[in-house]
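Peer 1: My structure is in entry-v5.cif, and what it holds is mmCIF, C-alpha atoms and all ligand atoms:
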```cif
data_final
loop_
_atom_site.label_atom_id
_atom_site.label_comp_id
_atom_site.auth_asym_id
_atom_site.auth_seq_id
_atom_site.Cartn_x
_atom_site.Cartn_y
_atom_site.Cartn_z
CA MET A 1 46.50 9.16 19.19
CA GLY A 2 49.54 9.27 16.97
CA GLY A 3 50.80 12.79 16.38
CA SER A 4 48.27 14.57 18.59
CA MET A 5 48.13 15.29 22.30
CA SER A 6 45.32 15.42 24.79
CA THR A 7 44.72 18.64 26.68
CA GLU A 8 45.97 16.92 29.84
CA GLU A 9 49.26 16.17 28.07
CA ARG A 10 49.46 19.79 26.88
CA LYS A 11 48.91 21.01 30.44
CA ARG A 12 51.52 18.61 31.82
CA SER A 13 54.11 19.62 29.28
CA ALA A 14 53.30 23.30 29.72
CA SER A 15 54.09 23.01 33.40
CA GLY A 16 57.45 21.50 32.61
CA ASN A 17 56.63 17.96 33.71
CA GLY A 18 56.40 16.59 30.21
CA ASN A 19 58.52 17.01 27.18
CA GLY A 20 61.07 19.53 28.43
CA GLY A 21 58.47 22.29 28.26
CA SER A 22 57.27 21.64 24.73
CA SER A 23 53.68 20.55 24.28
CA ARG A 24 54.67 18.20 21.50
CA LYS A 25 57.40 15.67 20.87
CA SER A 26 60.69 17.47 21.32
CA ASP A 27 62.60 15.86 18.45
CA PRO A 28 62.56 18.54 15.74
CA ASN A 29 63.21 15.90 13.09
CA ASP A 30 60.10 13.97 13.98
CA SER A 31 57.58 14.77 11.27
CA GLY A 32 54.71 13.41 13.37
CA GLY A 33 53.90 16.77 14.92
CA SER A 34 57.06 17.91 16.65
CA VAL A 35 58.08 21.43 17.55
CA SER A 36 61.55 22.51 18.46
CA SER A 37 61.61 23.38 22.16
CA SER A 38 63.55 26.55 21.25
CA ASN A 39 60.20 27.96 20.12
CA VAL A 40 58.69 27.51 23.53
CA SER A 41 58.30 30.61 25.65
CA ARG A 42 58.82 29.80 29.31
CA SER A 43 60.22 31.50 32.34
CA GLN A 44 62.95 30.24 34.66
CA THR A 45 62.41 30.38 38.43
CA SER A 46 65.24 30.78 40.92
CA ASP A 47 65.40 27.02 41.54
CA ASN A 48 65.80 26.62 37.79
CA SER A 49 62.52 24.73 37.35
CA ILE A 50 60.41 25.67 34.38
CA THR A 51 57.09 27.43 34.85
CA PRO A 52 54.64 28.08 32.07
CA ALA A 53 54.49 31.56 30.60
CA HIS A 54 51.16 32.79 29.26
CA ASP A 55 50.89 30.03 26.66
CA PHE A 56 48.07 28.14 28.22
CA GLU A 57 45.73 30.82 29.47
CA TRP A 58 43.24 29.71 26.89
CA LEU A 59 42.70 26.39 28.60
CA GLN A 60 40.50 28.10 31.16
CA ARG A 61 38.43 29.90 28.58
CA ASN A 62 35.34 28.11 27.54
CA LYS A 63 33.11 30.69 26.01
CA LEU A 64 33.02 32.05 22.50
CA PRO A 65 33.33 35.83 22.40
CA LYS A 66 30.04 37.49 21.57
CA SER A 67 30.36 38.66 18.03
CA HIS A 68 27.87 39.77 15.45
CA GLY A 69 26.41 36.98 13.30
CA VAL A 70 28.27 34.06 14.90
CA ALA A 71 26.21 30.89 14.59
CA TYR A 72 28.74 28.41 15.99
CA PHE A 73 27.40 26.82 19.18
CA LEU A 74 29.98 24.29 20.36
CA PRO A 75 31.83 25.85 23.31
CA PRO A 76 35.65 26.03 23.03
CA THR A 77 36.36 23.81 26.03
CA ASP A 78 39.37 21.55 26.68
CA LYS A 79 37.22 18.60 25.64
CA GLU A 80 36.40 20.24 22.33
CA VAL A 81 40.08 20.96 21.72
CA ASP A 82 40.80 17.27 22.30
CA ARG A 83 37.98 16.42 19.91
CA TYR A 84 39.40 18.74 17.21
CA GLN A 85 42.69 16.86 17.54
CA MET A 86 40.93 13.52 17.20
CA GLN A 87 38.92 14.77 14.22
CA HIS A 88 42.12 16.05 12.64
CA GLU A 89 43.67 12.59 12.92
CA LEU A 90 40.54 11.02 11.47
CA LEU A 91 40.38 13.39 8.50
CA CYS A 92 44.08 12.95 7.78
CA ILE A 93 43.50 9.19 7.62
CA ALA A 94 40.46 9.65 5.37
CA PHE A 95 41.76 12.38 3.02
CA GLY A 96 45.40 13.12 3.83
CA LYS A 97 46.44 16.57 5.08
CA TYR A 98 46.00 18.21 1.67
CA SER A 99 45.23 17.20 -1.91
CA PRO A 100 48.50 16.08 -3.50
CA HIS A 101 48.52 18.67 -6.31
CA ILE A 102 48.41 21.47 -3.72
CA ALA A 103 52.02 20.65 -2.83
CA GLU A 104 52.97 22.29 -6.14
CA VAL A 105 52.20 25.78 -4.72
CA LEU A 106 53.78 25.12 -1.31
CA THR A 107 57.22 26.24 -2.42
CA PRO A 108 59.66 28.18 -0.19
CA GLY A 109 58.26 31.63 0.63
CA ALA A 110 54.66 30.62 -0.07
CA LYS A 111 51.88 31.71 2.32
CA VAL A 112 48.98 29.60 3.60
CA LEU A 113 45.81 30.75 5.39
CA ASP A 114 43.77 28.39 7.60
CA VAL A 115 40.25 29.82 8.05
CA GLY A 116 38.59 28.72 11.35
CA CYS A 117 41.84 27.03 12.37
CA GLY A 118 40.55 25.80 15.76
CA SER A 119 43.38 24.54 17.94
CA GLY A 120 45.84 24.78 15.04
CA GLU A 121 46.55 21.06 14.73
CA TRP A 122 46.49 21.02 10.93
CA MET A 123 48.54 24.19 10.66
CA CYS A 124 51.25 23.11 13.08
CA GLU A 125 51.71 19.77 11.33
CA MET A 126 51.76 21.42 7.90
CA ALA A 127 54.22 24.05 9.15
CA ILE A 128 56.62 21.31 10.19
CA GLU A 129 56.24 19.48 6.88
CA PHE A 130 56.66 22.73 4.88
CA ALA A 131 59.22 24.52 7.03
CA LYS A 132 59.87 27.24 4.41
CA VAL A 133 56.19 28.15 3.98
CA ASP A 134 54.45 30.72 6.24
CA PHE A 135 51.16 29.73 7.84
CA VAL A 136 48.50 32.08 9.26
CA GLY A 137 45.41 30.83 11.10
CA ILE A 138 42.33 32.76 12.11
CA ASP A 139 39.62 31.69 14.54
CA ILE A 140 36.99 33.36 16.66
CA ALA A 141 37.98 31.30 19.72
CA ASN A 142 41.43 31.74 21.20
CA ILE A 143 42.10 28.04 21.51
CA PHE A 144 45.17 28.09 19.28
CA PRO A 145 48.69 27.87 20.71
CA ILE A 146 50.23 31.21 21.62
CA SER A 147 53.89 30.30 21.74
CA VAL A 148 54.21 26.51 21.63
CA LYS A 149 54.16 26.35 17.87
CA PRO A 150 56.47 26.21 14.89
CA ASN A 151 58.14 29.56 14.10
CA ASN A 152 56.44 29.68 10.70
CA CYS A 153 52.92 29.67 12.26
CA GLN A 154 50.97 32.76 13.33
CA PHE A 155 47.48 32.81 14.77
CA LYS A 156 44.97 35.65 14.73
CA LEU A 157 41.74 36.06 16.68
CA GLY A 158 38.84 37.17 14.52
CA ASN A 159 35.42 36.54 13.07
CA VAL A 160 35.91 35.45 9.47
CA LEU A 161 32.39 36.68 8.68
CA ASP A 162 33.68 40.23 9.12
CA GLY A 163 35.85 39.58 6.06
CA LEU A 164 39.32 38.05 5.95
CA PRO A 165 41.71 40.70 7.33
CA PHE A 166 44.31 40.31 4.56
CA PRO A 167 45.01 42.19 1.34
CA ASP A 168 44.04 40.81 -2.08
CA ASP A 169 46.37 38.23 -3.65
CA SER A 170 48.19 37.33 -0.41
CA PHE A 171 48.21 33.52 -0.22
CA GLU A 172 49.15 30.49 -2.30
CA PHE A 173 46.74 28.22 -0.42
CA VAL A 174 43.58 28.81 1.64
CA HIS A 175 42.28 25.95 3.78
CA ILE A 176 38.81 25.76 5.35
CA ARG A 177 37.79 22.66 7.29
CA VAL A 178 34.70 21.70 9.30
CA MET A 179 33.16 25.15 9.69
CA ALA A 180 29.61 24.29 8.59
CA LEU A 181 28.23 24.84 12.10
CA GLY A 182 29.57 28.40 11.99
CA ILE A 183 28.55 29.66 8.55
CA LYS A 184 24.92 30.43 7.74
CA THR A 185 23.67 29.30 4.34
CA GLU A 186 23.73 32.74 2.73
CA ARG A 187 27.24 33.51 4.04
CA TRP A 188 29.01 30.62 2.29
CA PRO A 189 29.36 32.33 -1.12
CA GLU A 190 30.69 35.43 0.65
CA LEU A 191 33.27 33.41 2.61
CA LEU A 192 34.43 31.58 -0.52
CA ARG A 193 34.61 34.91 -2.39
CA GLU A 194 36.81 36.23 0.40
CA GLY A 195 39.00 33.12 0.06
CA PHE A 196 39.20 33.81 -3.68
CA ARG A 197 40.10 37.48 -3.09
CA VAL A 198 43.00 36.78 -0.72
CA LEU A 199 44.44 34.02 -2.94
CA LYS A 200 47.17 34.87 -5.41
CA PRO A 201 46.28 34.04 -9.03
CA GLY A 202 47.16 30.37 -9.51
CA GLY A 203 46.60 29.66 -5.79
CA HIS A 204 44.33 26.91 -4.45
CA LEU A 205 41.47 26.79 -1.96
CA GLN A 206 40.43 23.54 -0.29
CA VAL A 207 37.26 23.22 1.79
CA MET A 208 36.16 20.11 3.66
CA GLU A 209 32.83 19.50 5.38
CA ALA A 210 30.65 16.63 6.58
CA ASP A 211 26.91 16.45 6.36
CA PRO A 212 25.52 15.78 9.83
CA MET A 213 23.15 13.05 8.66
CA VAL A 214 24.20 9.59 9.70
CA TYR A 215 23.20 6.82 7.35
CA ASN A 216 22.24 3.21 8.10
CA CYS A 217 21.93 4.05 11.79
CA GLY A 218 18.86 2.02 12.78
CA ASN A 219 16.69 3.65 15.41
CA ALA A 220 19.09 6.62 15.78
CA LYS A 221 17.83 7.96 12.43
CA GLN A 222 15.12 10.18 13.95
CA TRP A 223 17.60 11.91 16.23
CA PHE A 224 20.05 12.74 13.42
CA LYS A 225 17.14 13.92 11.27
CA GLY A 226 16.13 16.19 14.15
CA VAL A 227 19.70 17.58 14.32
CA CYS A 228 19.61 18.42 10.60
CA GLU A 229 16.22 20.15 11.00
CA MET A 230 17.45 22.11 14.01
CA LEU A 231 20.56 23.29 12.10
CA ALA A 232 18.40 24.37 9.17
CA ALA A 233 16.09 26.23 11.59
CA ARG A 234 19.19 28.12 12.85
CA GLY A 235 19.88 29.26 9.28
CA LEU A 236 22.74 26.78 8.73
CA ASP A 237 22.92 24.47 5.73
CA PRO A 238 23.49 20.94 7.05
CA PHE A 239 24.04 19.74 3.49
CA VAL A 240 26.47 22.39 2.31
CA GLY A 241 29.30 19.79 2.11
CA PRO A 242 28.09 18.09 -1.08
CA LYS A 243 27.44 21.49 -2.74
CA LEU A 244 30.76 23.18 -2.08
CA HIS A 245 32.32 22.23 -5.41
CA VAL A 246 29.39 23.98 -7.15
CA LEU A 247 29.81 27.08 -4.98
CA LEU A 248 33.54 27.13 -5.77
CA SER A 249 32.81 27.16 -9.50
CA GLU A 250 30.20 29.92 -9.06
CA VAL A 251 32.70 32.08 -7.19
CA GLY A 252 35.16 31.81 -10.08
CA PHE A 253 37.45 28.91 -9.18
CA THR A 254 38.59 26.67 -12.00
CA SER A 255 39.91 23.08 -11.98
CA VAL A 256 37.34 22.28 -9.30
CA TYR A 257 37.33 18.75 -7.88
CA ARG A 258 35.48 16.93 -5.14
CA LYS A 259 36.36 13.81 -3.20
CA THR A 260 33.82 12.06 -0.93
CA ARG A 261 34.59 9.62 1.84
CA SER A 262 32.10 7.57 3.87
CA ILE A 263 33.39 7.00 7.38
CA PRO A 264 32.16 4.13 9.57
CA ILE A 265 30.81 4.99 13.02
CA GLY A 266 31.70 2.51 15.76
CA TRP A 267 32.69 -0.40 13.57
CA CYS A 268 35.46 -1.22 11.08
CA GLY A 269 38.42 -0.80 13.43
CA TYR A 270 40.32 2.30 14.50
CA VAL A 271 38.74 4.82 12.13
CA GLY A 272 35.26 3.67 13.20
CA LYS A 273 36.24 4.02 16.84
CA LEU A 274 37.53 7.58 16.28
CA MET A 275 34.39 8.54 14.37
CA LEU A 276 32.13 7.15 17.11
CA ASP A 277 34.08 9.06 19.74
CA ASN A 278 33.94 12.21 17.61
CA THR A 279 30.17 11.91 17.04
CA VAL A 280 29.30 11.24 20.68
CA THR A 281 31.68 13.90 22.05
CA ALA A 282 30.41 16.57 19.62
CA ALA A 283 26.79 15.72 20.47
CA LYS A 284 27.55 16.02 24.19
CA ALA A 285 29.36 19.33 23.62
CA GLY A 286 26.23 20.64 21.93
CA LYS A 287 23.98 19.66 24.84
CA ALA A 288 22.76 23.20 25.58
CA THR A 289 21.41 23.49 22.05
CA LEU A 290 20.64 19.87 21.16
CA SER A 291 18.87 18.78 24.35
CA GLY A 292 15.83 20.70 23.07
CA ILE A 293 15.34 18.15 20.29
CA THR A 294 16.06 15.09 22.41
CA PRO A 295 13.14 13.00 23.75
CA VAL A 296 14.52 12.68 27.31
CA PRO A 297 14.97 15.13 30.22
CA VAL A 298 18.18 17.12 30.10
CA ASN A 299 19.70 15.15 33.03
CA GLU A 300 19.46 11.98 30.90
CA TYR A 301 20.92 13.64 27.80
CA ASP A 302 24.41 12.13 28.01
CA GLN A 303 23.10 8.58 28.46
CA TYR A 304 20.72 9.12 25.54
CA ILE A 305 23.64 10.22 23.34
CA ASP A 306 25.58 7.11 24.43
CA SER A 307 22.61 5.01 23.29
CA ILE A 308 22.66 6.83 19.92
CA GLY A 309 26.35 5.90 19.65
CA ARG A 310 25.58 2.26 20.40
CA ALA A 311 22.81 2.23 17.79
CA CYS A 312 25.30 3.54 15.20
CA ALA A 313 27.89 0.91 16.08
CA ASN A 314 25.36 -1.92 16.09
CA SER A 315 23.86 -1.06 12.71
CA ASN A 316 27.14 -0.34 10.83
CA ALA A 317 26.27 3.34 10.46
CA TYR A 318 28.39 5.80 8.46
CA CYS A 319 28.60 9.49 7.67
CA ASN A 320 29.93 11.36 4.66
CA PHE A 321 32.70 13.94 4.39
CA TYR A 322 33.33 16.00 1.27
CA SER A 323 36.57 17.66 0.26
CA SER A 324 36.41 20.15 -2.60
CA TRP A 325 39.16 22.26 -4.04
CA GLY A 326 39.70 24.73 -6.85
CA LYS A 327 42.24 27.08 -8.37
CA LYS A 328 42.08 30.87 -8.75
CA PRO A 329 42.70 31.44 -12.44
CA LEU A 330 45.96 33.12 -13.39
CA LEU A 331 43.98 35.78 -15.21
CA ASN A 332 40.87 36.98 -13.37
CA LEU A 333 38.57 37.12 -16.40
CA ALA A 334 35.64 38.60 -14.42
CA SER A 335 37.58 41.64 -13.19
CA SER A 336 39.51 42.20 -16.43
CA ALA A 337 36.18 42.21 -18.34
CA SER A 338 34.60 44.73 -15.94
CA ASN A 339 37.74 46.93 -16.05
CA SER A 340 37.78 47.12 -19.85
C1 LIG B 1 35.01 22.08 14.25
S1 LIG B 1 36.19 23.35 14.49
C2 LIG B 1 37.33 22.99 13.16
C3 LIG B 1 38.71 23.51 13.45
C4 LIG B 1 39.74 23.26 12.34
N1 LIG B 1 39.34 23.88 11.09
C5 LIG B 1 39.96 21.79 12.13
O1 LIG B 1 39.58 21.26 11.10
O2 LIG B 1 40.55 21.17 13.03
C6 LIG B 1 35.36 24.78 13.86
C7 LIG B 1 36.11 26.04 14.20
O3 LIG B 1 35.48 27.15 13.52
C8 LIG B 1 35.57 28.27 14.36
N2 LIG B 1 34.60 29.28 13.93
C9 LIG B 1 33.25 29.15 13.86
N3 LIG B 1 32.68 30.30 13.40
C10 LIG B 1 33.71 31.16 13.17
C11 LIG B 1 33.78 32.51 12.70
N4 LIG B 1 32.68 33.17 12.35
N5 LIG B 1 34.99 33.10 12.57
C12 LIG B 1 36.12 32.42 12.92
N6 LIG B 1 36.12 31.15 13.38
C13 LIG B 1 34.94 30.51 13.51
C14 LIG B 1 35.29 27.70 15.74
O4 LIG B 1 35.71 28.57 16.78
C15 LIG B 1 36.06 26.38 15.69
O5 LIG B 1 37.37 26.54 16.18
#
```
Could you show the structure in this file as structure tokens?
Ligand SMILES: C[S@@+](CC[C@H](N)C(=O)[O-])C[C@H]1O[C@@H](n2cnc3c(N)ncnc32)[C@H](O)[C@@H]1O
Peer 2:
Amino acid sequence: MGGSMSTEERKRSASGNGNGGSSRKSDPNDSGGSVSSSNVSRSQTSDNSITPAHDFEWLQRNKLPKSHGVAYFLPPTDKEVDRYQMQHELLCIAFGKYSPHIAEVLTPGAKVLDVGCGSGEWMCEMAIEFAKVDFVGIDIANIFPISVKPNNCQFKLGNVLDGLPFPDDSFEFVHIRVMALGIKTERWPELLREGFRVLKPGGHLQVMEADPMVYNCGNAKQWFKGVCEMLAARGLDPFVGPKLHVLLSEVGFTSVYRKTRSIPIGWCGYVGKLMLDNTVTAAKAGKATLSGITPVPVNEYDQYIDSIGRACANSNAYCNFYSSWGKKPLLNLASSASNS
């Protein structure tokens, strides 16, 4: 997939058999996701071959740390990291990496926070495009790169539901993408308020989510309906995506906009192929939780999910993604009123 790498490729390059030790393309002028190999921490052995440093420890880790209030149930495995990369490519095709007007705040010296940054794909690409902007990512799973990353990227391990560990008015841009499986319904306003707090006045927040319902999917409809019901029973809001622009306004953001994209699943060329792969892989990753709502024994779960994928492709199914963004007003009217 253009611009992204599979975990196998990351492993190969980490062990020095790939791109001169870098896990991405080594041409620093290549805007398609390259990292200068001078950023790469690696150790030299006596025969001068390159061995990986501690960069890739996380590849063996496949459990989320136990942490209070965490609802997210997809395990941070290599396969999931590959899926995040694929999903990143898909969402960049559908929406672009950021809403165009956000570029206006990404001036030299600006700071960007990526909440629930996953494997850091979005951040690393943005950091290359905006080389004079500083990027910080936070995630509860340590699946982000430790040293194979642009110099202007930093990653932090943490549960964003404990509050964002940054002072007020720190960032020009806060980015939140595909976290709906990790944020319970009642915690969304709190998370967006935290995003508002850490933004500088005039800064922007962008949040992008899908709803997990798949439309026009023939006899797969019951299964997707069951997924939505199961998420709601876990206290998650499967349909938070289409409401986020309202929540942004309620939290105090102004100039709030929303863009919706319907994405084909298993038809309509490359994007449809990526979306089918994404849907089937995510459903398989969630087996431990989702097999309970599936009408076959657990040992037939994967084949059942493949049949759901085929039903989507055969009936021209699609799902919806929603991107909403807003601006923190230059003057915080709420706090100036309560201070007077
Ligand atoms: C589907 S991935 C999306 C990753 C990234 N935002 C992207 O768009 O590529 C969701 C991420 O949210 C993280 N996450 C879920 N709950 C979290 C929490 N309470 N605090 C921090 N990260 C969390 C997961 O570990 C996972 O990496």
Peer 1: In Å, how far is it from atom CA of A:Arg258 to atom CA of A:Val81?
Peer 2: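 One can read the atom CA of A:Arg258 to atom CA of A:Val81 distance as 27.5 Å.
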Peer 1: Show me which residues are within 9 Å of ligand LIG 1 (chain B) counting only C-alpha atoms and all ligand atoms, and format the list as a ChimeraX atom specification.
Peer 2: /A:64,67-76,80-81,83-88,91,114-123,138-144,157-162,175-183,208,282
Peer 1: Can you work out which one of A:Ser255, A:Gly203, A:Trp325, A:Phe171 has the shortest atom-to-atom distance to A:Gly241, counting all atoms listed in the file?
Peer 2: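 Result for the nearest residue to A:Gly241: A:Trp325.
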Peer 1: With all atoms listed in the file as the counted atoms, please give the residues lying no more than 6 Å from A:Pro238, apart from itself and same-chain residues fewer than 2 positions off, as a list in words.
Peer 2: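 Returned residues: Asp211, Cys228 and Val240 of chain A.
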Peer 1: Leaving out A:Ser99 and any residue of its chain fewer than 5 positions from it, which residues lie within 10 Å of it when counting only C-alpha atoms, given as a PyMOL selection string?
Peer 2: chain A and resi 206+259+323-325
Peer 1: As a list in words, please: the residues near A:Asp302 (cut-off 12 Å, all atoms listed in the file, same-chain neighbours under 3 positions excluded).
Peer 2: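 Listing them by chain and then by number gives Val280, Thr281, Ala282, Ala283, Lys284, Ala285, Gly286, Lys287, Ala288, Leu290, Ser291, Thr294, Val296, Pro297, Val298, Asn299, Ile305, Asp306, Ser307, Ile308 and Gly309 of chain A.
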Peer 1: Find, counting all atoms listed in the file, the residue in A:Asn151, A:Ile293, A:Lys273, A:Leu205 that gets nearest to A:Glu229.
Peer 2: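 Closest to A:Glu229 of all the choices is A:Ile293.
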